[in-house]
file coords.txt (compact mmCIF, C-alpha atoms)
# COMPACT_ATOMS: atom_id res chain seq x y z
CA MET A 348 37.61 14.11 -18.91
CA PRO A 349 36.08 17.63 -18.75
CA VAL A 350 33.43 16.46 -21.20
CA ILE A 351 32.43 13.67 -18.87
CA THR A 352 32.22 16.03 -15.87
CA LYS A 353 30.10 18.38 -17.93
CA LEU A 354 27.80 15.54 -19.00
CA CYS A 355 27.51 14.37 -15.41
CA SER A 356 26.53 17.79 -14.13
CA ILE A 357 23.97 18.18 -16.91
CA CYS A 358 22.52 14.80 -15.98
CA LEU A 359 22.40 15.76 -12.31
CA CYS A 360 20.64 19.02 -13.16
CA LEU A 361 18.11 17.16 -15.29
CA ILE A 362 17.45 14.66 -12.49
CA LEU A 363 16.97 17.43 -9.93
CA MET A 364 14.63 19.29 -12.29
CA PHE A 365 12.70 16.08 -12.80
CA ILE A 366 12.32 15.53 -9.06
CA ALA A 367 11.29 19.13 -8.50
CA SER A 368 8.71 18.96 -11.26
CA CYS A 369 6.80 15.90 -10.12
CA GLY A 370 4.62 15.60 -7.06
CA SER A 371 4.26 12.52 -4.87
CA ALA A 372 1.93 9.82 -6.05
CA PRO A 373 -1.47 9.80 -4.29
CA ILE A 374 -1.75 7.34 -1.39
CA LYS A 375 -4.25 4.66 -2.26
CA THR A 376 -6.92 3.53 0.17
CA THR A 377 -8.07 0.42 -1.67
CA ILE A 378 -6.50 -3.00 -2.14
CA ASP A 379 -5.35 -3.94 -5.64
CA ASP A 380 -4.42 -7.61 -5.69
CA PRO A 381 -4.68 -9.08 -9.20
CA GLY A 382 -2.15 -11.82 -8.42
CA GLU A 383 -4.02 -13.09 -5.36
CA PRO A 384 -3.97 -16.82 -6.27
CA ILE A 385 -0.17 -16.84 -6.70
CA ASN A 386 0.32 -14.54 -3.71
CA ARG A 387 -1.66 -16.96 -1.57
CA GLN A 388 0.61 -19.82 -2.63
CA PHE A 389 3.68 -17.79 -1.68
CA HIS A 390 1.99 -16.86 1.59
CA LYS A 391 1.68 -20.56 2.38
CA VAL A 392 5.40 -20.93 1.72
CA ASN A 393 6.20 -18.02 4.04
CA ARG A 394 3.95 -19.37 6.75
CA GLY A 395 5.72 -22.70 6.51
CA LEU A 396 9.13 -21.01 6.71
CA ASP A 397 8.00 -19.08 9.75
CA ARG A 398 6.72 -22.20 11.43
CA ILE A 399 9.82 -24.33 10.86
CA ALA A 400 12.58 -21.70 10.93
CA LEU A 401 11.92 -18.09 11.93
CA ARG A 402 9.56 -18.68 14.86
CA PRO A 403 11.69 -21.38 16.55
CA ALA A 404 14.88 -19.41 15.85
CA SER A 405 13.39 -16.32 17.46
CA LYS A 406 12.48 -18.33 20.56
CA VAL A 407 16.08 -19.56 20.86
CA TYR A 408 17.54 -16.12 20.18
CA GLN A 409 15.49 -14.59 23.01
CA VAL A 410 17.78 -16.52 25.38
CA VAL A 411 20.68 -14.23 24.40
CA PRO A 412 20.87 -11.29 26.87
CA LYS A 413 18.93 -8.26 25.76
CA PRO A 414 21.89 -5.81 25.60
CA ILE A 415 23.71 -8.12 23.17
CA ARG A 416 20.65 -8.50 20.95
CA ALA A 417 20.16 -4.72 21.03
CA GLY A 418 23.81 -4.22 20.05
CA VAL A 419 23.52 -6.54 17.06
CA SER A 420 20.30 -4.86 15.90
CA ASN A 421 21.83 -1.39 16.32
CA PHE A 422 24.84 -2.49 14.31
CA ALA A 423 22.61 -3.78 11.49
CA SER A 424 20.56 -0.57 11.50
CA ASN A 425 23.67 1.58 11.35
CA LEU A 426 24.80 -0.20 8.18
CA LYS A 427 21.60 0.97 6.51
CA GLY A 428 22.50 4.60 7.22
CA PRO A 429 24.38 5.42 4.00
CA GLY A 430 21.59 3.97 1.83
CA MET A 431 18.99 6.05 3.68
CA ILE A 432 21.02 9.23 3.26
CA ILE A 433 21.18 8.65 -0.51
CA ASN A 434 17.40 8.18 -0.61
CA ASP A 435 16.86 11.32 1.48
CA ILE A 436 18.85 13.24 -1.13
CA PHE A 437 16.91 11.63 -3.99
CA GLN A 438 13.74 12.82 -2.30
CA LEU A 439 15.24 16.29 -1.73
CA LYS A 440 14.64 15.88 2.01
CA LEU A 441 17.79 17.66 3.05
CA ILE A 442 16.93 17.97 6.74
CA ASP A 443 16.46 14.20 6.90
CA ALA A 444 19.70 13.71 4.99
CA GLY A 445 21.55 15.95 7.45
CA SER A 446 20.00 14.31 10.49
CA ASN A 447 20.74 10.78 9.25
CA SER A 448 24.32 11.81 8.36
CA ALA A 449 24.94 13.25 11.82
CA ARG A 450 23.43 10.10 13.27
CA LEU A 451 25.71 7.89 11.19
CA VAL A 452 28.80 9.81 12.32
CA VAL A 453 27.83 9.81 16.01
CA ASN A 454 26.88 6.14 16.14
CA THR A 455 29.87 4.95 14.13
CA THR A 456 32.34 6.81 16.35
CA ILE A 457 30.94 7.30 19.88
CA GLY A 458 28.61 4.34 19.37
CA LEU A 459 31.60 2.06 18.64
CA GLY A 460 30.87 1.12 15.05
CA GLY A 461 27.11 1.28 15.54
CA ILE A 462 26.78 -1.18 18.41
CA PHE A 463 25.36 1.55 20.62
CA ASP A 464 22.84 4.16 19.61
CA PRO A 465 23.76 7.40 21.43
CA ALA A 466 22.36 9.44 18.52
CA SER A 467 18.73 8.65 19.45
CA ASN A 468 19.30 10.08 22.92
CA LEU A 469 20.82 13.20 21.34
CA GLY A 470 17.59 13.84 19.45
CA LEU A 471 18.68 12.18 16.22
CA PRO A 472 16.30 9.23 15.82
CA GLU A 473 16.47 7.22 12.61
CA ARG A 474 14.46 8.91 9.87
CA LYS A 475 13.64 5.89 7.79
CA SER A 476 13.71 6.15 4.03
CA ASP A 477 14.04 3.65 1.19
CA PHE A 478 13.99 3.58 -2.59
CA GLY A 479 10.35 2.47 -2.65
CA GLU A 480 9.55 5.74 -0.91
CA THR A 481 11.80 7.62 -3.33
CA LEU A 482 9.75 6.21 -6.23
CA HIS A 483 6.58 7.33 -4.42
CA VAL A 484 7.98 10.85 -4.02
CA TRP A 485 8.87 10.85 -7.72
CA GLY A 486 5.21 10.27 -8.51
CA ILE A 487 5.25 6.58 -9.30
CA GLY A 488 2.13 4.74 -8.15
CA GLU A 489 1.98 1.97 -5.60
CA GLY A 490 1.23 -0.79 -8.10
CA ALA A 491 -0.27 -4.12 -7.13
CA TYR A 492 0.04 -6.02 -3.87
CA VAL A 493 2.55 -8.87 -4.03
CA GLU A 494 3.69 -11.41 -1.48
CA LEU A 495 6.99 -13.06 -2.33
CA PRO A 496 8.79 -15.95 -0.64
CA LEU A 497 11.27 -14.67 2.02
CA LEU A 498 10.61 -11.03 1.10
CA GLY A 499 7.06 -11.21 2.46
CA PRO A 500 4.30 -8.70 1.77
CA GLY A 501 4.99 -5.77 -0.54
CA THR A 502 3.73 -3.76 -3.46
CA THR A 503 5.25 -3.72 -6.95
CA ARG A 504 6.82 -0.35 -6.17
CA HIS A 505 8.13 -1.35 -2.76
CA THR A 506 9.59 -4.61 -4.12
CA VAL A 507 11.44 -2.78 -6.91
CA GLY A 508 12.66 -0.37 -4.23
CA LYS A 509 13.98 -3.21 -2.08
CA LEU A 510 15.90 -4.68 -5.02
CA VAL A 511 17.42 -1.30 -5.91
CA ASP A 512 18.32 -0.62 -2.26
CA PHE A 513 19.99 -4.01 -2.05
CA ALA A 514 21.91 -3.64 -5.31
CA THR A 515 23.11 -0.11 -4.62
CA ASN A 516 23.75 -0.33 -0.86
CA PRO A 517 27.14 1.42 -0.50
CA ILE A 518 28.11 -0.89 2.36
CA ARG A 519 27.65 -3.89 0.12
CA VAL A 520 29.15 -2.40 -3.03
CA PHE A 521 32.30 -0.97 -1.45
CA SER A 522 33.14 -3.64 1.10
CA GLU A 523 34.93 -6.98 1.03
CA THR A 524 33.24 -10.35 1.10
CA SER A 525 33.89 -10.94 4.80
CA GLU A 526 32.35 -7.57 5.69
CA GLN A 527 29.38 -8.31 3.50
CA GLN A 528 28.87 -11.57 5.33
CA ILE A 529 28.96 -9.84 8.73
CA SER A 530 26.40 -7.37 7.47
CA MET A 531 24.15 -10.19 6.23
CA VAL A 532 24.39 -12.06 9.53
CA ALA A 533 23.64 -8.93 11.56
CA GLY A 534 20.65 -8.14 9.33
CA THR A 535 19.29 -11.67 9.71
CA LEU A 536 19.71 -11.62 13.49
CA LYS A 537 17.90 -8.30 13.63
CA ALA A 538 14.97 -9.84 11.73
CA VAL A 539 14.97 -12.83 14.10
CA ASP A 540 15.00 -10.46 17.09
CA GLN A 541 12.07 -8.49 15.66
CA ARG A 542 10.09 -11.70 15.19
CA GLY A 543 10.68 -12.49 18.86
CA ARG A 544 9.67 -9.05 20.07
CA PHE A 545 6.45 -9.05 18.08
CA SER A 546 5.80 -12.73 18.76
CA GLU A 547 2.28 -12.30 20.15
CA LEU A 548 1.20 -10.00 17.36
CA VAL A 549 2.72 -12.07 14.54
CA ASP A 550 1.39 -15.32 16.02
CA SER A 551 -2.10 -13.88 16.30
CA ILE A 552 -2.05 -12.89 12.63
CA MET A 553 -0.29 -15.93 11.21
CA TYR A 554 -1.89 -18.68 13.29
CA ASP A 555 -5.02 -17.41 15.06
CA SER A 556 -6.65 -15.64 12.14
CA GLU A 557 -8.97 -17.57 9.83
CA ASP A 558 -7.37 -15.85 6.84
CA SER A 559 -3.78 -14.94 7.65
CA TYR A 560 -3.18 -13.90 4.06
CA ALA A 561 -5.88 -11.21 4.15
CA GLN A 562 -4.74 -10.00 7.58
CA ALA A 563 -1.08 -9.78 6.56
CA ARG A 564 -2.05 -7.91 3.40
CA LEU A 565 -4.20 -5.39 5.26
CA LEU A 566 -1.60 -4.88 7.97
CA TYR A 567 1.23 -4.38 5.50
CA LEU A 568 -0.69 -1.92 3.30
CA GLN A 569 -1.88 0.13 6.29
CA GLN A 570 1.57 0.37 7.78
CA ARG A 571 3.32 1.15 4.53
CA ARG A 572 0.83 3.85 3.60
CA GLU A 573 1.09 5.35 7.08
CA PHE A 574 4.87 5.47 6.64
CA LEU A 575 4.52 7.26 3.30
CA ARG A 576 1.95 9.68 4.74
CA LYS A 577 4.67 11.03 7.09
CA GLY A 578 2.38 11.98 9.94
CA GLY A 579 -0.31 13.37 7.67
CA ASP A 580 -3.90 12.68 8.67
CA GLY A 581 -5.46 9.52 7.40
CA GLU A 582 -9.06 8.96 6.40
CA TYR A 583 -11.18 6.56 8.37
CA LEU A 584 -14.64 5.26 8.20
CA ASP A 585 -17.20 6.78 10.57
CA PRO A 586 -19.06 3.68 11.76
CA TYR A 587 -21.82 5.73 13.40
CA SER A 588 -22.97 7.40 10.22
CA ASP A 589 -22.70 4.04 8.50
CA VAL A 590 -24.84 2.24 11.06
CA TYR A 591 -27.13 4.96 12.44
CA ASP A 592 -27.83 7.18 9.46
CA LYS A 593 -28.77 4.56 6.89
CA MET B 1417 -32.98 48.01 -8.84
CA PHE B 1418 -33.10 44.29 -9.55
CA LEU B 1419 -29.34 44.09 -9.68
CA GLU B 1420 -29.05 45.97 -6.44
CA ASN B 1421 -31.48 43.57 -4.79
CA LEU B 1422 -29.59 40.60 -6.07
CA SER B 1423 -26.26 41.76 -4.79
CA PHE B 1424 -27.83 42.66 -1.43
CA ARG B 1425 -29.30 39.17 -1.21
CA ARG B 1426 -25.95 37.73 -2.13
CA LEU B 1427 -24.32 39.74 0.60
CA ILE B 1428 -26.79 38.50 3.21
CA ILE B 1429 -26.45 34.89 2.08
CA SER B 1430 -22.71 34.94 1.95
CA GLY B 1431 -22.71 36.69 5.31
CA LEU B 1432 -24.85 33.94 6.76
CA PHE B 1433 -22.62 31.30 5.26
CA PHE B 1434 -19.65 33.02 6.78
CA VAL B 1435 -21.24 33.14 10.24
CA VAL B 1436 -22.21 29.46 10.11
CA TYR B 1437 -18.78 28.50 8.85
CA TYR B 1438 -17.09 30.61 11.47
CA LEU B 1439 -19.18 29.25 14.34
CA GLU B 1440 -18.54 25.74 13.18
CA GLY B 1441 -14.84 26.33 13.49
CA VAL B 1442 -14.98 28.04 16.85
CA SER B 1443 -17.61 26.28 18.92
CA PRO B 1444 -18.49 22.77 17.86
CA SER B 1445 -21.10 22.71 20.61
CA TYR B 1446 -23.30 20.18 18.82
CA SER B 1447 -20.53 17.61 18.51
CA LEU B 1448 -18.28 16.00 21.08
CA GLU B 1449 -15.89 18.38 22.78
CA LYS B 1450 -12.23 17.64 22.40
CA VAL B 1451 -11.60 18.06 26.12
CA LYS B 1452 -14.09 15.30 26.93
CA ALA B 1453 -12.41 12.94 24.50
CA GLU B 1454 -8.94 13.73 25.85
CA ASN B 1455 -10.15 13.18 29.41
CA LEU B 1456 -11.49 9.79 28.41
CA ILE B 1457 -8.06 8.78 27.13
CA ARG B 1458 -6.47 10.07 30.33
CA ASN B 1459 -8.89 8.00 32.40
CA ILE B 1460 -8.22 4.88 30.36
CA SER B 1461 -4.45 5.26 30.58
CA TYR B 1462 -4.65 5.98 34.32
CA GLU B 1463 -6.76 2.91 35.01
CA VAL B 1464 -4.75 0.63 32.72
CA ASN B 1465 -1.54 1.79 34.37
CA LYS B 1466 -2.90 1.18 37.84
CA VAL B 1467 -3.85 -2.38 36.94
CA ILE B 1468 -0.71 -3.44 35.07
CA SER B 1469 1.65 -2.02 37.67
CA SER B 1470 -0.32 -3.41 40.62
CA GLY B 1471 1.62 -6.65 40.88
CA ILE B 1472 -1.53 -8.78 41.15
CA ASP B 1473 -1.63 -12.15 39.40
CA GLU B 1474 -1.96 -12.32 35.64
CA ASP B 1475 -5.50 -13.69 35.46
CA THR B 1476 -6.78 -10.90 37.67
CA VAL B 1477 -4.90 -8.30 35.60
CA ILE B 1478 -6.53 -9.56 32.41
CA PHE B 1479 -9.93 -9.64 34.11
CA GLU B 1480 -9.48 -6.03 35.27
CA LEU B 1481 -8.29 -4.89 31.82
CA GLU B 1482 -11.36 -6.47 30.22
CA HIS B 1483 -13.48 -4.62 32.73
CA ILE B 1484 -11.87 -1.29 31.77
CA PHE B 1485 -12.47 -1.86 28.08
CA LYS B 1486 -16.04 -2.97 28.64
CA LYS B 1487 -16.58 0.37 30.37
CA TYR B 1488 -14.81 2.63 27.86
CA ALA B 1489 -15.14 0.97 24.45
CA ASP B 1490 -18.29 0.95 22.36
CA THR B 1491 -18.00 -2.67 21.26
CA ASP B 1492 -21.60 -2.62 19.96
CA ILE B 1493 -20.82 -0.21 17.14
CA MET B 1494 -17.65 -2.18 16.36
CA ALA B 1495 -19.66 -5.38 16.20
CA LEU B 1496 -22.25 -3.89 13.85
CA THR B 1497 -19.55 -2.41 11.62
CA THR B 1498 -17.66 -5.67 11.26
CA LEU B 1499 -20.81 -7.43 10.09
CA GLY B 1500 -20.97 -5.34 6.92
CA ALA B 1501 -23.98 -6.09 4.71
CA THR B 1502 -25.07 -9.02 6.90
CA ARG B 1503 -26.19 -6.43 9.44
CA ARG B 1504 -29.14 -5.54 7.24
CA ILE B 1505 -30.45 -9.06 6.78
CA ALA B 1506 -29.99 -10.29 10.36
CA SER B 1507 -32.91 -10.18 12.81
CA PRO B 1508 -32.76 -7.89 15.88
CA SER B 1509 -32.31 -10.87 18.20
CA GLN B 1510 -29.49 -12.25 16.05
CA LEU B 1511 -27.81 -8.85 16.19
CA GLU B 1512 -28.16 -8.70 19.98
CA GLU B 1513 -26.61 -12.12 20.32
CA PHE B 1514 -23.80 -11.20 17.92
CA LYS B 1515 -23.01 -8.00 19.84
CA LYS B 1516 -22.64 -9.98 23.06
CA ALA B 1517 -20.50 -12.65 21.42
CA PHE B 1518 -18.32 -10.05 19.68
CA GLN B 1519 -17.67 -8.28 22.97
CA ILE B 1520 -16.43 -11.49 24.57
CA TYR B 1521 -14.22 -12.24 21.55
CA PHE B 1522 -12.90 -8.69 21.34
CA LEU B 1523 -12.02 -8.26 25.01
CA ASN B 1524 -10.48 -11.69 25.11
CA LYS B 1525 -8.33 -10.89 22.09
CA TYR B 1526 -7.20 -7.34 22.84
CA ALA B 1527 -7.49 -6.44 26.54
CA ARG B 1528 -4.56 -8.70 27.46
CA ARG B 1529 -2.34 -6.93 24.98
CA PHE B 1530 -2.39 -3.81 27.11
CA ARG B 1531 -0.14 -5.62 29.57
CA GLU B 1532 2.64 -4.87 27.09
CA LEU B 1533 2.40 -1.20 28.01
CA ARG B 1534 4.03 -1.79 31.39
CA ASP B 1535 6.55 0.95 32.25
CA GLY B 1536 5.26 2.87 29.27
CA LYS B 1537 4.45 6.56 29.14
CA ILE B 1538 1.54 7.88 27.13
CA SER B 1539 1.28 11.53 26.18
CA ILE B 1540 -1.46 13.33 24.28
CA VAL B 1541 -0.04 15.00 21.17
CA SER B 1542 -3.12 16.62 19.70
CA SER B 1543 -6.79 16.15 19.03
CA ARG B 1544 -9.12 17.17 16.24
CA SER B 1545 -12.76 16.83 15.35
CA VAL B 1546 -13.50 14.42 12.52
CA LYS B 1547 -17.18 14.38 11.49
CA SER B 1548 -19.11 13.69 14.69
CA SER B 1549 -16.15 12.18 16.52
CA VAL B 1550 -12.85 13.28 17.99
CA GLU B 1551 -9.47 11.86 17.05
CA VAL B 1552 -6.99 11.92 19.94
CA LYS B 1553 -3.41 11.44 18.84
CA THR B 1554 -1.09 10.04 21.51
CA ARG B 1555 2.52 8.99 21.66
CA ILE B 1556 3.59 5.95 23.62
CA ARG B 1557 7.11 5.49 24.90
CA LEU B 1558 8.29 2.12 26.12
CA ILE B 1559 11.73 1.33 27.47
CA ASP B 1560 14.09 0.13 24.68
CA TRP B 1561 11.60 1.04 22.00
CA ALA B 1562 11.23 3.73 19.42
CA PRO B 1563 8.14 5.77 20.43
CA PHE B 1564 5.04 5.02 18.39
CA GLU B 1565 1.79 6.78 17.65
CA VAL B 1566 -1.60 5.57 18.82
CA ILE B 1567 -4.76 7.29 17.62
CA TRP B 1568 -7.95 6.85 19.63
CA LEU B 1569 -11.25 7.60 17.94
CA VAL B 1570 -13.87 8.80 20.40
CA SER B 1571 -17.58 9.44 19.96
CA ASP B 1572 -20.61 10.17 22.13
CA ARG B 1573 -23.17 9.01 19.61
CA SER B 1574 -23.92 5.90 21.62
CA GLY B 1575 -25.12 8.19 24.42
CA GLU B 1576 -21.85 7.92 26.31
CA VAL B 1577 -18.35 9.13 25.52
CA LYS B 1578 -16.56 5.99 24.33
CA ILE B 1579 -13.75 4.86 22.03
CA PHE B 1580 -14.80 3.03 18.88
CA ASN B 1581 -11.47 2.45 17.15
CA ILE B 1582 -7.75 2.44 17.88
CA ILE B 1583 -5.08 3.01 15.24
CA ILE B 1584 -1.63 1.82 16.25
CA ASP B 1585 1.14 3.06 13.98
CA GLY B 1586 -1.30 3.15 11.09
CA ILE B 1587 -2.86 -0.21 11.85
CA ASN B 1588 -6.59 0.23 12.09
CA LEU B 1589 -8.09 -2.19 14.58
CA LEU B 1590 -11.64 -1.89 13.29
CA SER B 1591 -10.53 -2.54 9.70
CA SER B 1592 -8.64 -5.66 10.80
CA GLU B 1593 -11.68 -6.97 12.61
CA ARG B 1594 -13.92 -6.12 9.69
CA THR B 1595 -11.71 -8.28 7.50
CA GLU B 1596 -11.54 -11.05 10.08
CA ILE B 1597 -15.29 -11.19 10.81
CA GLY B 1598 -15.98 -10.99 7.06
CA VAL B 1599 -13.81 -14.05 6.44
CA MET B 1600 -15.34 -15.89 9.39
CA LEU B 1601 -18.82 -15.22 8.05
CA ASP B 1602 -17.81 -16.49 4.60
CA ASN B 1603 -16.31 -19.63 6.13
CA ARG B 1604 -19.67 -20.24 7.86
CA LYS B 1605 -21.67 -19.61 4.69
CA GLY B 1606 -22.98 -16.34 6.11
CA ASN B 1607 -24.61 -18.03 9.11
CA ILE B 1608 -24.53 -15.42 11.88
CA ASP B 1609 -25.80 -17.81 14.57
CA VAL B 1610 -22.90 -20.21 14.05
CA LEU B 1611 -20.51 -17.25 14.00
CA SER B 1612 -21.85 -15.91 17.31
CA SER B 1613 -21.58 -19.24 19.06
CA ASP B 1614 -18.04 -19.76 17.67
CA LEU B 1615 -16.95 -16.29 18.80
CA ARG B 1616 -18.19 -17.06 22.30
CA SER B 1617 -16.19 -20.27 22.52
CA MET B 1618 -12.94 -18.91 21.05
CA ASN B 1619 -10.14 -18.69 23.54

call {"tool": "encode", "arguments": {"input": "coords.txt", "output": "structure tokens"}}
result
Amino acid sequence: MPVITKLCSICLCLILMFIASCGSAPIKTTIDDPGEPINRQFHKVNRGLDRIALRPASKVYQVVPKPIRAGVSNFASNLKGPGMIINDIFQLKLIDAGSNSARLVVNTTIGLGGIFDPASNLGLPERKSDFGETLHVWGIGEGAYVELPLLGPGTTRHTVGKLVDFATNPIRVFSETSEQQISMVAGTLKAVDQRGRFSELVDSIMYDSEDSYAQARLLYLQQRREFLRKGGDGEYLDPYSDVYDK
Amino acid sequence: MFLENLSFRRLIISGLFFVVYYLEGVSPSYSLEKVKAENLIRNISYEVNKVISSGIDEDTVIFELEHIFKKYADTDIMALTTLGATRRIASPSQLEEFKKAFQIYFLNKYARRFRELRDGKISIVSSRSVKSSVEVKTRIRLIDWAPFEVIWLVSDRSGEVKIFNIIIDGINLLSSERTEIGVMLDNRKGNIDVLSSDLRSMN
């Protein structure tokens, strides 16, 4: 037993040294989409799924009173807390880890199991993190753009991150089947609610655009990179020098 | 003697460089002042707020919002940017027609979306000079929503202080339109006249 503990602590030290030694990967500004033909096929599938399932479901779900929908979404978000805290630690973002931990405790107790979100009003908003971001912080590049059925737009790195987050989610690993099912249902309802809230925006991209694939790709990459930039300044094109000075 | 001269020259040159660099940081008098850009955003948010909280009917609200954006957004530079390389091969009259059509399309597509800001609060977080323009960072709070960041890019290179791009939570409006107009041009085999007339009739 002591040998195992020793081995574990050595491993932990090595991991921490590894994290400390590598810088974040650079944030790309271009689009790398070698699998575009296949991605476009999957995009068609997703568009079809949205048309026949998600969009109509979101319209129906909007009938449910807002406080109930908010409660369900809060509950689903709260279940993601432990996973985020682990990723905060992996990224050595200890302030985020502390803030998300305090948030988890407050919302699980005072917030009645996460149905309410008193933590946000106490100055503890969710500090989102995921394993895709952890990989970025560890210096692993974004990879190629991929759109997968059901999962939607992503990059190679983000998709791997989603799979790892799913497989290692403490809520899923340490809970019973019935609890896992509740968590799945809450997560799905949250997604349906989001679709309803952003209905105009999503509709304009998916159905009004002449190339919904290209728009979804651009939108996803911009948002994801902005998330990874953590409030850092982005680079934009200066249209005046482009048009006037040439 | 020669060495002395050289180092003296160096001193003067580096001194000059320092002065220019210093002035650039302190008084960007030749580029747009931050205050002007921030005031523009304040005006826009004041006018938008007045319209969306006025209680008038929806069609009039949208009409008024379009009017505000016609006044404060430089849709001409947006139009030219979205055209990409086609800009260089199109005739001046084609470009004029495209600018007009793009403005109709743009206002029709985006002005109405500002209705969603009802009961929202916008606050200016910071601003900084980027090249010849000013980036004004704002935070928008809506009821029941996590606050989100909206960046307004402002320039006076058109002759007036106007916005030429909006970035909502990282989503760059001008980039999206560049992609969209690019695809539309491709779908019309690069024919700018067909594109202009289609943009006019889109609703």

call {"tool": "interface_residues", "arguments": {"input": "coords.txt", "of": "chain B", "to": "chain A", "cutoff": "8 Å", "atoms": "only C-alpha atoms", "output": "PyMOL selection string"}}
result
chain B and resi 1493-1494+1496-1497+1547+1573+1585-1588+1592+1595-1596+1599-1600

call {"tool": "closest_residue", "arguments": {"input": "coords.txt", "among": "B:Lys1605, B:Lys1516, B:Lys1452, B:Arg1544", "to": "Lys1486 (chain B)", "atoms": "all atoms listed in the file"}}
result
B:Lys1516

call {"tool": "axis_aligned_box", "arguments": {"input": "coords.txt", "around": "region 466-470 of chain A", "padding_each_side": "3 Å", "output": "lines of an AutoDock Vina configuration file"}}
result
center_x = 20.0
center_y = 11.2
center_z = 20.7
size_x = 10.8
size_y = 11.2
size_z = 10.4

call {"tool": "closest_residue", "arguments": {"input": "coords.txt", "among": "B:Ser1539, B:Asp1473, B:Ala1495, B:Glu1449", "to": "Gln1510 (chain B)", "atoms": "all atoms listed in the file"}}
result
B:Ala1495

call {"tool": "atom_distance", "arguments": {"input": "coords.txt", "atom1": "CA of Arg1534 (chain B)", "atom2": "CA of Leu1481 (chain B)"}}
result
12.7 Å

call {"tool": "atom_distance", "arguments": {"input": "coords.txt", "atom1": "CA of Thr1502 (chain B)", "atom2": "CA of Ser1548 (chain B)"}}
result
24.7 Å

call {"tool": "atom_distance", "arguments": {"input": "coords.txt", "atom1": "CA of Ala1562 (chain B)", "atom2": "CA of Leu469 (chain A)"}}
result
13.6 Å

call {"tool": "residues_around", "arguments": {"input": "coords.txt", "residues": "region 372-374 of chain A", "least_positions_apart": "6", "cutoff": "8 Å", "atoms": "only C-alpha atoms", "output": "JSON list (two decimals) with C-alpha atoms, in the frame of the given file"}}
result
[["chain", "number", "residue", "atom", "x", "y", "z"],
["A", 483, "HIS", "CA", 6.58, 7.33, -4.42],
["A", 484, "VAL", "CA", 7.98, 10.85, -4.02],
["A", 485, "TRP", "CA", 8.87, 10.85, -7.72],
["A", 486, "GLY", "CA", 5.21, 10.27, -8.51],
["A", 487, "ILE", "CA", 5.25, 6.58, -9.30],
["A", 488, "GLY", "CA", 2.13, 4.74, -8.15],
["A", 489, "GLU", "CA", 1.98, 1.97, -5.60],
["A", 572, "ARG", "CA", 0.83, 3.85, 3.60],
["A", 575, "LEU", "CA", 4.52, 7.26, 3.30],
["A", 576, "ARG", "CA", 1.95, 9.68, 4.74]]

call {"tool": "residues_around", "arguments": {"input": "coords.txt", "residues": "Ile1556 (chain B)", "least_positions_apart": "4", "cutoff": "10 Å", "atoms": "all atoms listed in the file", "output": "ChimeraX atom specification"}}
result
/B:1533,1536-1540,1561-1566,1584

call {"tool": "residues_around", "arguments": {"input": "coords.txt", "residues": "region 398-405 of chain A", "least_positions_apart": "5", "cutoff": "9 Å", "atoms": "all atoms listed in the file", "output": "list of chain:residue names"}}
result
A:Asn393, A:Leu536, A:Ala538, A:Val539, A:Asp540, A:Gln541, A:Arg542, A:Gly543, A:Arg544, A:Ser546, A:Asp550

call {"tool": "closest_residue", "arguments": {"input": "coords.txt", "among": "A:Leu459, A:Val453, A:Met553, A:Ala466", "to": "Phe422 (chain A)", "atoms": "all atoms listed in the file"}}
result
A:Leu459

call {"tool": "closest_residue", "arguments": {"input": "coords.txt", "among": "B:Val1552, B:Val1477, B:Val1541, B:Ile1484", "to": "Tyr1462 (chain B)", "atoms": "only C-alpha atoms"}}
result
B:Ile1484

call {"tool": "closest_residue", "arguments": {"input": "coords.txt", "among": "B:Ser1543, B:Gln1519, B:Asn1581, B:Ser1509", "to": "Asn1455 (chain B)", "atoms": "all atoms listed in the file"}}
result
B:Ser1543

call {"tool": "decode", "arguments": {"input": "coords.txt", "residues": "region 376-382 of chain A", "atoms": "N, CA and C atoms", "output": "PDB file, in the first residue's frame"}}
result
ATOM      1  N   THR A 376      -6.536  31.654 -36.038  1.00  0.00           N
ATOM      2  CA  THR A 376      -7.482  32.623 -36.585  1.00  0.00           C
ATOM      3  C   THR A 376      -8.033  32.143 -37.931  1.00  0.00           C
ATOM      4  N   THR A 377      -7.484  31.018 -38.407  1.00  0.00           N
ATOM      5  CA  THR A 377      -7.930  30.520 -39.708  1.00  0.00           C
ATOM      6  C   THR A 377      -8.838  29.301 -39.527  1.00  0.00           C
ATOM      7  N   ILE A 378      -9.440  28.867 -40.624  1.00  0.00           N
ATOM      8  CA  ILE A 378     -10.315  27.701 -40.571  1.00  0.00           C
ATOM      9  C   ILE A 378      -9.602  26.527 -41.239  1.00  0.00           C
ATOM     10  N   ASP A 379      -9.483  25.425 -40.489  1.00  0.00           N
ATOM     11  CA  ASP A 379      -8.835  24.223 -41.013  1.00  0.00           C
ATOM     12  C   ASP A 379      -9.906  23.133 -41.083  1.00  0.00           C
ATOM     13  N   ASP A 380     -10.367  22.836 -42.293  1.00  0.00           N
ATOM     14  CA  ASP A 380     -11.496  21.927 -42.424  1.00  0.00           C
ATOM     15  C   ASP A 380     -11.246  20.873 -43.504  1.00  0.00           C
ATOM     16  N   PRO A 381     -10.291  19.968 -43.260  1.00  0.00           N
ATOM     17  CA  PRO A 381      -9.960  18.970 -44.291  1.00  0.00           C
ATOM     18  C   PRO A 381     -11.097  17.984 -44.538  1.00  0.00           C
ATOM     19  N   GLY A 382     -11.961  17.776 -43.546  1.00  0.00           N
ATOM     20  CA  GLY A 382     -13.042  16.796 -43.712  1.00  0.00           C
ATOM     21  C   GLY A 382     -14.344  17.417 -44.176  1.00  0.00           C
TER      22      GLY A 382
END
